[in-house]
$ cat model.cif   # mmCIF, C-alpha atoms
data_upload
loop_
_atom_site.label_atom_id
_atom_site.label_comp_id
_atom_site.auth_asym_id
_atom_site.auth_seq_id
_atom_site.Cartn_x
_atom_site.Cartn_y
_atom_site.Cartn_z
CA MET A 143 -100.48 -17.48 -36.15
CA ALA A 144 -96.93 -18.19 -35.14
CA GLN A 145 -96.03 -14.60 -35.93
CA SER A 146 -98.17 -13.34 -33.02
CA SER A 147 -95.63 -14.63 -30.48
CA ASN A 148 -92.69 -13.26 -32.43
CA ILE A 149 -90.89 -9.97 -31.84
CA PRO A 150 -92.37 -7.14 -33.95
CA LEU A 151 -89.81 -6.00 -36.50
CA ASP A 152 -90.00 -2.34 -35.51
CA THR A 153 -89.36 -3.30 -31.90
CA ALA A 154 -86.50 -5.59 -32.97
CA SER A 155 -84.98 -2.72 -34.96
CA ILE A 156 -85.00 -0.39 -31.95
CA ILE A 157 -83.57 -3.03 -29.58
CA SER A 158 -80.87 -4.09 -32.00
CA THR A 159 -79.77 -0.51 -32.68
CA VAL A 160 -79.56 0.34 -28.97
CA LEU A 161 -77.63 -2.80 -28.05
CA GLU A 162 -75.34 -2.47 -31.04
CA GLY A 163 -74.64 1.14 -30.07
CA MET A 164 -73.67 0.10 -26.54
CA LEU A 165 -71.32 -2.60 -27.78
CA TYR A 166 -69.94 -0.27 -30.43
CA GLY A 167 -69.01 2.26 -27.76
CA PHE A 168 -67.20 -0.45 -25.82
CA SER A 169 -65.40 -1.63 -28.94
CA LEU A 170 -64.36 1.96 -29.66
CA LEU A 171 -62.68 2.17 -26.26
CA MET A 172 -60.96 -1.14 -26.91
CA PHE A 173 -59.78 0.15 -30.29
CA ILE A 174 -58.07 3.00 -28.47
CA GLY A 175 -56.41 0.45 -26.19
CA THR A 176 -55.38 -1.62 -29.18
CA SER A 177 -53.86 1.42 -30.85
CA TRP A 178 -51.83 2.04 -27.71
CA ALA A 179 -50.75 -1.59 -27.68
CA LEU A 180 -49.64 -1.50 -31.30
CA PHE A 181 -47.91 1.89 -31.23
CA GLN A 182 -46.93 2.93 -27.71
CA ARG A 183 -45.35 -0.35 -26.66
CA ASN A 184 -43.46 -0.84 -29.92
CA THR A 185 -40.76 1.70 -29.15
CA ARG A 186 -37.88 0.26 -31.15
CA ARG A 187 -39.65 -0.54 -34.37
CA ALA A 188 -42.74 0.38 -36.32
CA ALA A 189 -46.04 -1.11 -35.28
CA ASN A 190 -47.24 -4.20 -37.04
CA ARG A 191 -48.88 -2.83 -40.15
CA ARG A 192 -50.93 -5.96 -40.65
CA MET A 193 -52.55 -5.76 -37.23
CA VAL A 194 -53.07 -2.00 -37.56
CA THR A 195 -54.81 -2.49 -40.90
CA ILE A 196 -57.09 -5.18 -39.49
CA ALA A 197 -57.96 -3.10 -36.42
CA CYS A 198 -58.83 -0.08 -38.56
CA SER A 199 -60.86 -2.23 -40.97
CA LEU A 200 -62.93 -3.71 -38.16
CA LEU A 201 -63.59 -0.25 -36.75
CA LEU A 202 -64.53 1.09 -40.18
CA PHE A 203 -66.97 -1.76 -40.86
CA SER A 204 -68.52 -1.46 -37.40
CA THR A 205 -68.94 2.29 -37.79
CA ALA A 206 -70.50 1.99 -41.23
CA HIS A 207 -72.87 -0.74 -40.01
CA ILE A 208 -74.21 1.20 -37.05
CA ILE A 209 -74.62 4.34 -39.17
CA ILE A 210 -76.73 2.40 -41.65
CA ASP A 211 -78.72 0.89 -38.78
CA VAL A 212 -79.50 4.33 -37.38
CA ILE A 213 -80.52 5.60 -40.82
CA ARG A 214 -82.67 2.52 -41.42
CA THR A 215 -84.41 2.89 -38.05
CA GLU A 216 -85.05 6.60 -38.64
CA GLU A 217 -86.43 5.94 -42.12
CA GLY A 218 -88.76 3.17 -40.98
CA LEU A 219 -90.06 4.87 -37.85
CA VAL A 220 -90.05 8.55 -38.88
CA GLN A 221 -89.62 9.37 -42.57
CA GLN A 222 -91.70 6.57 -44.11
CA ARG A 223 -93.87 5.71 -41.15
CA SER A 224 -97.02 6.97 -42.86
CA THR A 225 -95.98 6.75 -46.52
CA PHE A 226 -94.62 3.21 -46.82
CA PRO A 227 -97.39 0.66 -47.63
CA GLY A 228 -98.00 -1.41 -44.55
CA GLY A 229 -96.24 0.91 -42.12
CA PRO A 230 -92.99 0.35 -40.21
CA ILE A 231 -93.43 -3.41 -39.90
CA ALA A 232 -93.72 -3.79 -43.68
CA PHE A 233 -90.71 -1.49 -44.15
CA PHE A 234 -88.47 -3.57 -41.88
CA SER A 235 -89.77 -6.76 -43.49
CA ASP A 236 -88.65 -5.68 -46.96
CA VAL A 237 -85.25 -7.35 -47.45
CA ALA A 238 -84.73 -5.55 -50.77
CA GLN A 239 -84.34 -2.16 -49.06
CA TRP A 240 -80.93 -0.63 -49.83
CA SER A 241 -80.13 -0.26 -46.14
CA PHE A 242 -80.74 -3.93 -45.45
CA VAL A 243 -78.66 -5.04 -48.44
CA TYR A 244 -75.68 -2.84 -47.54
CA LYS A 245 -75.71 -3.71 -43.86
CA ASN A 246 -75.59 -7.39 -44.78
CA LEU A 247 -72.73 -6.74 -47.18
CA ILE A 248 -70.78 -5.02 -44.40
CA TYR A 249 -71.59 -7.83 -41.99
CA THR A 250 -70.21 -10.35 -44.49
CA LEU A 251 -66.98 -8.40 -44.87
CA GLN A 252 -66.62 -8.06 -41.11
CA THR A 253 -67.11 -11.80 -40.69
CA LEU A 254 -64.51 -12.62 -43.32
CA VAL A 255 -61.95 -10.37 -41.62
CA GLY A 256 -62.70 -11.77 -38.17
CA ASP A 257 -62.53 -15.41 -39.26
CA GLY A 258 -59.40 -14.71 -41.27
CA VAL A 259 -57.67 -13.29 -38.19
CA VAL A 260 -58.43 -16.45 -36.19
CA ILE A 261 -57.02 -18.61 -38.99
CA TYR A 262 -53.93 -16.41 -39.22
CA ARG A 263 -53.32 -16.75 -35.49
CA CYS A 264 -53.69 -20.49 -35.86
CA TYR A 265 -50.97 -20.49 -38.51
CA VAL A 266 -48.69 -18.26 -36.43
CA VAL A 267 -48.86 -20.66 -33.48
CA TRP A 268 -48.57 -23.90 -35.46
CA GLN A 269 -46.10 -22.57 -38.05
CA SER A 270 -47.56 -24.98 -40.61
CA TRP A 271 -49.67 -24.42 -43.71
CA TYR A 272 -51.08 -27.94 -43.56
CA ILE A 273 -52.86 -27.35 -40.27
CA ILE A 274 -54.96 -24.51 -41.71
CA ILE A 275 -56.04 -26.22 -44.94
CA ILE A 276 -59.47 -27.16 -43.58
CA PRO A 277 -60.04 -23.78 -41.87
CA CYS A 278 -59.14 -22.05 -45.14
CA MET A 279 -61.61 -24.23 -47.03
CA LEU A 280 -64.29 -23.32 -44.50
CA TRP A 281 -63.35 -19.64 -44.85
CA CYS A 282 -63.87 -19.93 -48.60
CA SER A 283 -67.30 -21.44 -47.95
CA VAL A 284 -68.07 -18.47 -45.69
CA ALA A 285 -67.12 -16.11 -48.52
CA ALA A 286 -69.21 -18.04 -51.06
CA THR A 287 -72.32 -18.29 -48.89
CA GLY A 288 -71.94 -14.66 -47.79
CA ALA A 289 -71.84 -13.52 -51.40
CA GLY A 290 -74.88 -15.69 -52.09
CA CYS A 291 -76.74 -14.09 -49.19
CA VAL A 292 -76.08 -10.54 -50.36
CA TYR A 293 -76.97 -11.36 -53.97
CA SER A 294 -80.18 -13.23 -53.11
CA ILE A 295 -81.34 -10.40 -50.85
CA SER A 296 -80.59 -7.70 -53.40
CA GLN A 297 -82.41 -9.61 -56.14
CA ALA A 298 -85.45 -10.60 -54.06
CA THR A 299 -88.69 -9.79 -55.83
CA VAL A 300 -90.99 -12.62 -54.75
CA ASN A 301 -91.59 -12.99 -51.00
CA LYS A 302 -89.19 -10.13 -50.35
CA GLU A 303 -91.07 -9.39 -47.15
CA ASN A 304 -90.09 -12.80 -45.81
CA ILE A 305 -86.40 -13.35 -45.10
CA PHE A 306 -87.06 -17.02 -44.38
CA ALA A 307 -88.29 -17.61 -47.94
CA PRO A 308 -86.60 -20.37 -50.01
CA GLY A 309 -84.75 -17.79 -52.07
CA THR A 310 -82.88 -16.28 -49.09
CA GLY A 311 -83.30 -18.58 -46.09
CA PRO A 312 -80.97 -21.43 -47.15
CA TRP A 313 -78.18 -18.99 -48.02
CA ILE A 314 -78.32 -17.31 -44.64
CA THR A 315 -78.47 -20.63 -42.79
CA SER A 316 -75.46 -21.94 -44.67
CA PHE A 317 -73.54 -18.73 -44.06
CA LEU A 318 -74.12 -18.78 -40.30
CA ALA A 319 -73.29 -22.50 -40.05
CA ALA A 320 -70.08 -22.11 -42.06
CA THR A 321 -69.00 -19.17 -39.92
CA LEU A 322 -69.69 -21.09 -36.72
CA PHE A 323 -67.74 -24.18 -37.83
CA THR A 324 -64.81 -22.07 -39.04
CA ASN A 325 -64.54 -20.24 -35.76
CA LEU A 326 -64.91 -23.39 -33.64
CA LEU A 327 -62.29 -25.34 -35.57
CA SER A 328 -59.73 -22.53 -35.73
CA THR A 329 -60.13 -21.61 -32.08
CA SER A 330 -59.88 -25.27 -31.02
CA LEU A 331 -56.67 -25.79 -33.00
CA LEU A 332 -55.22 -22.59 -31.60
CA ALA A 333 -56.12 -23.40 -28.00
CA TYR A 334 -54.87 -26.99 -28.24
CA ARG A 335 -51.50 -25.89 -29.59
CA ILE A 336 -51.00 -23.38 -26.77
CA TRP A 337 -52.16 -25.87 -24.14
CA SER A 338 -49.99 -28.72 -25.43
CA ILE A 339 -46.87 -26.55 -25.22
CA GLY A 340 -47.81 -24.69 -22.06
CA ARG A 341 -48.41 -27.81 -19.97
CA ARG A 342 -44.66 -28.55 -20.11
CA VAL A 343 -43.77 -25.27 -18.48
CA THR A 344 -42.93 -25.17 -14.75
CA ASN A 345 -45.56 -24.10 -12.24
CA ALA A 346 -44.00 -20.67 -11.64
CA ALA A 347 -43.85 -20.03 -15.37
CA LEU A 348 -47.54 -20.91 -15.68
CA ALA A 349 -48.40 -18.37 -13.02
CA THR A 350 -46.36 -15.48 -14.39
CA GLY A 351 -45.58 -16.39 -17.99
CA LEU A 352 -47.23 -15.81 -21.32
CA VAL A 353 -49.00 -19.09 -22.08
CA TRP A 354 -52.00 -19.41 -19.79
CA PRO A 355 -53.17 -15.78 -19.78
CA ILE A 356 -53.19 -15.81 -23.58
CA LEU A 357 -54.91 -19.20 -23.65
CA ARG A 358 -57.67 -17.92 -21.41
CA VAL A 359 -58.31 -14.77 -23.42
CA ILE A 360 -58.32 -16.70 -26.71
CA LEU A 361 -60.83 -19.18 -25.30
CA ASP A 362 -62.96 -16.35 -23.91
CA ALA A 363 -62.98 -14.59 -27.28
CA GLY A 364 -63.77 -17.81 -29.14
CA VAL A 365 -66.57 -18.78 -26.76
CA LEU A 366 -68.12 -15.30 -26.89
CA TYR A 367 -68.17 -15.25 -30.68
CA SER A 368 -69.28 -18.87 -31.03
CA LEU A 369 -72.16 -18.54 -28.59
CA SER A 370 -73.38 -15.43 -30.39
CA LEU A 371 -73.31 -17.22 -33.73
CA LEU A 372 -74.99 -20.29 -32.30
CA ALA A 373 -77.79 -18.21 -30.79
CA ALA A 374 -78.31 -16.36 -34.09
CA LEU A 375 -78.36 -19.63 -36.05
CA ILE A 376 -80.90 -21.20 -33.68
CA CYS A 377 -83.14 -18.14 -33.87
CA PHE A 378 -82.99 -18.11 -37.66
CA ILE A 379 -83.78 -21.81 -37.95
CA ALA A 380 -86.69 -21.31 -35.54
CA LYS A 381 -87.82 -18.32 -37.69
CA ASN A 382 -87.58 -16.00 -34.73
CA HIS A 383 -87.00 -12.30 -35.32
CA GLY A 384 -84.49 -12.30 -32.49
CA HIS A 385 -81.82 -13.12 -35.04
CA TYR A 386 -82.02 -9.50 -36.25
CA VAL A 387 -80.95 -8.35 -32.79
CA LEU A 388 -78.20 -10.93 -32.47
CA LEU A 389 -76.71 -10.31 -35.90
CA ASP A 390 -76.48 -6.58 -35.23
CA MET A 391 -74.80 -7.30 -31.89
CA ILE A 392 -72.28 -9.65 -33.50
CA MET A 393 -70.83 -6.80 -35.57
CA PRO A 394 -69.09 -5.07 -32.60
CA ILE A 395 -68.50 -8.43 -30.91
CA ILE A 396 -66.19 -9.44 -33.78
CA SER A 397 -64.17 -6.28 -33.18
CA ILE A 398 -64.13 -6.79 -29.42
CA THR A 399 -62.81 -10.35 -29.68
CA PHE A 400 -59.95 -9.14 -31.87
CA TYR A 401 -59.06 -6.17 -29.70
CA MET A 402 -59.11 -8.10 -26.42
CA VAL A 403 -56.51 -10.62 -27.64
CA ILE A 404 -54.15 -7.89 -28.88
CA ILE A 405 -54.42 -5.95 -25.61
CA ARG A 406 -53.94 -9.05 -23.48
CA ILE A 407 -50.84 -10.18 -25.39
CA THR A 408 -49.32 -6.71 -25.05
CA ILE A 409 -49.98 -6.54 -21.30
CA THR A 410 -48.52 -10.02 -20.78
CA LYS A 411 -45.30 -9.34 -22.69
CA SER A 412 -42.16 -8.74 -20.68
CA PRO A 413 -40.22 -5.45 -21.02
CA SER A 414 -37.63 -7.19 -23.21
CA GLN A 415 -40.42 -8.14 -25.61
CA ALA A 416 -41.93 -4.66 -25.72
CA SER A 417 -40.77 -4.07 -29.28
CA GLU A 418 -42.25 -7.32 -30.60
CA GLU A 419 -45.56 -7.33 -32.43
CA PRO A 420 -48.35 -8.90 -30.36
CA SER A 421 -48.89 -11.62 -32.94
CA ASN A 422 -45.21 -12.59 -32.96
CA ALA A 423 -44.57 -12.44 -29.21
CA LEU A 424 -46.69 -15.51 -28.55
CA SER A 425 -45.33 -17.33 -31.60
CA ASN A 426 -41.71 -16.73 -30.62
CA TYR A 427 -42.31 -17.88 -27.08
CA LEU A 428 -44.04 -21.09 -28.16
CA VAL A 429 -41.30 -21.84 -30.68
CA ARG A 430 -38.67 -21.51 -27.93
CA ARG A 431 -40.69 -23.76 -25.66
CA SER A 432 -41.25 -26.40 -28.34
CA ARG A 433 -37.50 -26.51 -29.02
CA GLY A 434 -36.62 -26.67 -25.35
CA ARG A 435 -34.93 -23.25 -25.22
CA THR A 436 -36.62 -20.96 -22.78
CA SER A 437 -34.81 -18.19 -20.95
CA TYR A 438 -37.06 -18.42 -17.90
CA VAL A 439 -35.36 -19.30 -14.59
CA ASP A 440 -37.41 -20.29 -11.57
CA PRO A 441 -36.06 -18.34 -8.54
CA GLN A 442 -37.64 -20.85 -6.16
CA ARG A 443 -35.86 -23.73 -7.78
CA TYR A 444 -32.48 -21.99 -8.08
CA PRO A 445 -32.19 -19.59 -5.09
CA MET A 446 -29.48 -16.91 -4.98
CA LYS A 447 -26.57 -17.47 -2.51
CA ARG A 448 -23.80 -15.24 -1.21
CA MET A 449 -20.47 -16.05 -2.84
CA GLU A 450 -16.91 -15.19 -1.81
CA VAL A 451 -14.25 -14.63 -4.43
CA HIS A 452 -10.56 -14.94 -3.45
CA ILE A 453 -8.14 -13.04 -5.65
CA THR A 454 -4.37 -13.47 -5.38
CA GLN A 455 -2.50 -10.17 -5.73
CA LEU A 456 1.11 -9.96 -6.78
CA THR A 457 3.23 -7.02 -5.51
CA GLU A 458 6.78 -6.58 -6.81
CA HIS A 459 9.46 -4.32 -5.26
CA GLU A 460 12.50 -3.34 -7.29
CA PHE A 461 15.92 -2.88 -5.64
CA GLY A 462 18.90 -1.40 -7.40
CA PRO A 463 22.39 -2.89 -7.04
CA GLY A 464 23.66 -0.02 -4.86
CA LYS A 465 20.43 0.90 -3.13
CA PRO A 466 20.39 0.33 0.61
CA ARG A 467 17.53 -1.70 1.93
CA SER A 468 15.29 -0.31 4.59
CA SER A 469 13.75 -2.25 7.40
CA SER A 470 10.37 -1.91 5.83
CA ASP A 471 11.36 -3.88 2.74
CA ASP A 472 9.99 -7.43 2.78
CA ASN A 473 12.95 -9.71 2.28
CA PRO A 474 12.82 -13.27 3.63
CA PRO A 475 15.49 -13.95 6.24
CA GLY A 476 18.59 -15.69 5.01
CA MET A 477 18.34 -14.43 1.49
CA SER A 478 20.72 -12.01 -0.16
CA SER A 479 19.44 -8.79 -1.55
CA PRO A 480 17.59 -9.79 -4.66
CA HIS A 481 16.80 -7.64 -7.61
CA SER A 482 13.08 -8.19 -6.88
CA VAL A 483 11.02 -9.63 -4.08
CA ALA A 484 7.49 -10.95 -4.67
CA LYS A 485 4.79 -10.42 -2.06
CA PHE A 486 1.46 -12.35 -2.17
CA ASP A 487 -1.64 -11.19 -0.38
CA ALA A 488 -5.07 -12.83 -0.22
CA VAL A 489 -7.86 -10.35 -0.87
CA VAL A 490 -11.51 -11.32 -0.21
CA VAL A 491 -14.17 -9.64 -2.31
#
$ encode --input "model.cif" --output "structure tokens"
Amino acid sequence: MAQSSNIPLDTASIISTVLEGMLYGFSLLMFIGTSWALFQRNTRRAANRRMVTIACSLLLFSTAHIIIDVIRTEEGLVQQRSTFPGGPIAFFSDVAQWSFVYKNLIYTLQTLVGDGVVIYRCYVVWQSWYIIIIPCMLWCSVAATGAGCVYSISQATVNKENIFAPGTGPWITSFLAATLFTNLLSTSLLAYRIWSIGRRVTNAALATGLVWPILRVILDAGVLYSLSLLAALICFIAKNHGHYVLLDMIMPIISITFYMVIIRITITKSPSQASEEPSNALSNYLVRRSRGRTSYVDPQRYPMKRMEVHITQLTEHEFGPGKPRSSSDDNPPGMSSPHSVAKFDAVVV
């Protein structure tokens, strides 16, 4: 049978839990860095509440997901190893198990938050609602197919041991495809906008400015997330159990791609921008560039030179009508004693 060359579900559960735990630990460290970026660097104003809420939501979903995964693995391999009909493999095959339903619900919520952040960044950079109409429609399709996935899994009674069955398979395929297209389109629009504005900046600005470092990290985050989704979609279409491993790994990957952009924007900001929210720093810079008003000055193009300033100083001496004049008084020859004599000196600063 084709199943003989597939990954056993108990093995897939162990591998996915271990890999997810490793990525979760890395995302936890990046959450700490993101918290520093949102609070420590914003010294003159409160941190962006929107970004803080999203960061905490992603951490909460990731934490809940890995806790459920650990409980599910412990139940299948320890508690119900001998009591569940069919053993651990049958336990992990049962899609109607509460742990499997809830972990998929959390995964759907995490995906909606992650895709929504990418669309929001796209709007911030473009400053236009029209440009995100299609991404928003795709996001709605992600929400609809995700809800369909969770409902079909929770209500599975026939072929509930087969996730590729007609009652659940099409929903999951549609959900993964919609998520992939949403992420690809939003990331492409975001990267194109940054590139189209950044290419007009001088070479020195490209090396030290804000545009290209942010463009690189956004592309890296988009590629990482897109490749993970593509691999999971291919595995699911091929009916390979490797999609269990990939989907569990995508949970912390969504958090990591969000955190890495926030941290990179904060590191790239200049000291004068330290109080700006990371999401607005890039937007404000691109708006200035698109309108032709950037405060950047290339020191190689306009070098500093030493300058001399000549200041004329006026000194006035007062003489009374009966006051005798001394030899030290400056009075031009041939002139009678004036009431005042002006003396001009050139002073070089």
$ residues_around --input "model.cif" --residues "Asp390 (chain A)" --least-positions-apart "3" --cutoff "7 Å" --atoms "all atoms listed in the file" --output "compact mmCIF listing (two decimals) with C-alpha atoms, in the frame of the given file"
# COMPACT_ATOMS: atom_id res chain seq x y z
CA SER A 158 -80.87 -4.09 -32.00
CA GLU A 162 -75.34 -2.47 -31.04
CA TYR A 386 -82.02 -9.50 -36.25
CA VAL A 387 -80.95 -8.35 -32.79
CA MET A 393 -70.83 -6.80 -35.57
$ resolve_selection --input "model.cif" --expression "the PyMOL selection byres ((chain A and resi 277) around 8)" --output "JSON, numbers by chain"
{"A": [261, 274, 275, 276, 278, 279, 280, 281, 324, 327, 328]}
$ write_last_selection --input "model.cif" --atoms "C-alpha atoms" --output "PDB file, in the frame of the given file"
ATOM      1  CA  ILE A 261     -57.020 -18.610 -38.990  1.00  0.00           C
ATOM      2  CA  ILE A 274     -54.960 -24.510 -41.710  1.00  0.00           C
ATOM      3  CA  ILE A 275     -56.040 -26.220 -44.940  1.00  0.00           C
ATOM      4  CA  ILE A 276     -59.470 -27.160 -43.580  1.00  0.00           C
ATOM      5  CA  CYS A 278     -59.140 -22.050 -45.140  1.00  0.00           C
ATOM      6  CA  MET A 279     -61.610 -24.230 -47.030  1.00  0.00           C
ATOM      7  CA  LEU A 280     -64.290 -23.320 -44.500  1.00  0.00           C
ATOM      8  CA  TRP A 281     -63.350 -19.640 -44.850  1.00  0.00           C
ATOM      9  CA  THR A 324     -64.810 -22.070 -39.040  1.00  0.00           C
ATOM     10  CA  LEU A 327     -62.290 -25.340 -35.570  1.00  0.00           C
ATOM     11  CA  SER A 328     -59.730 -22.530 -35.730  1.00  0.00           C
TER      12      SER A 328
END
$ closest_residue --input "model.cif" --among "A:Arg263, A:Arg191, A:Lys245, A:Arg214" --to "Ile360 (chain A)" --atoms "all atoms listed in the file"
A:Arg263
$ atom_distance --input "model.cif" --atom1 "CA of Ile196 (chain A)" --atom2 "CA of Tyr166 (chain A)"
16.5 Å
$ closest_residue --input "model.cif" --among "A:Leu202, A:Val267, A:Ala232, A:Ala363" --to "Gln252 (chain A)" --atoms "only C-alpha atoms"
A:Leu202
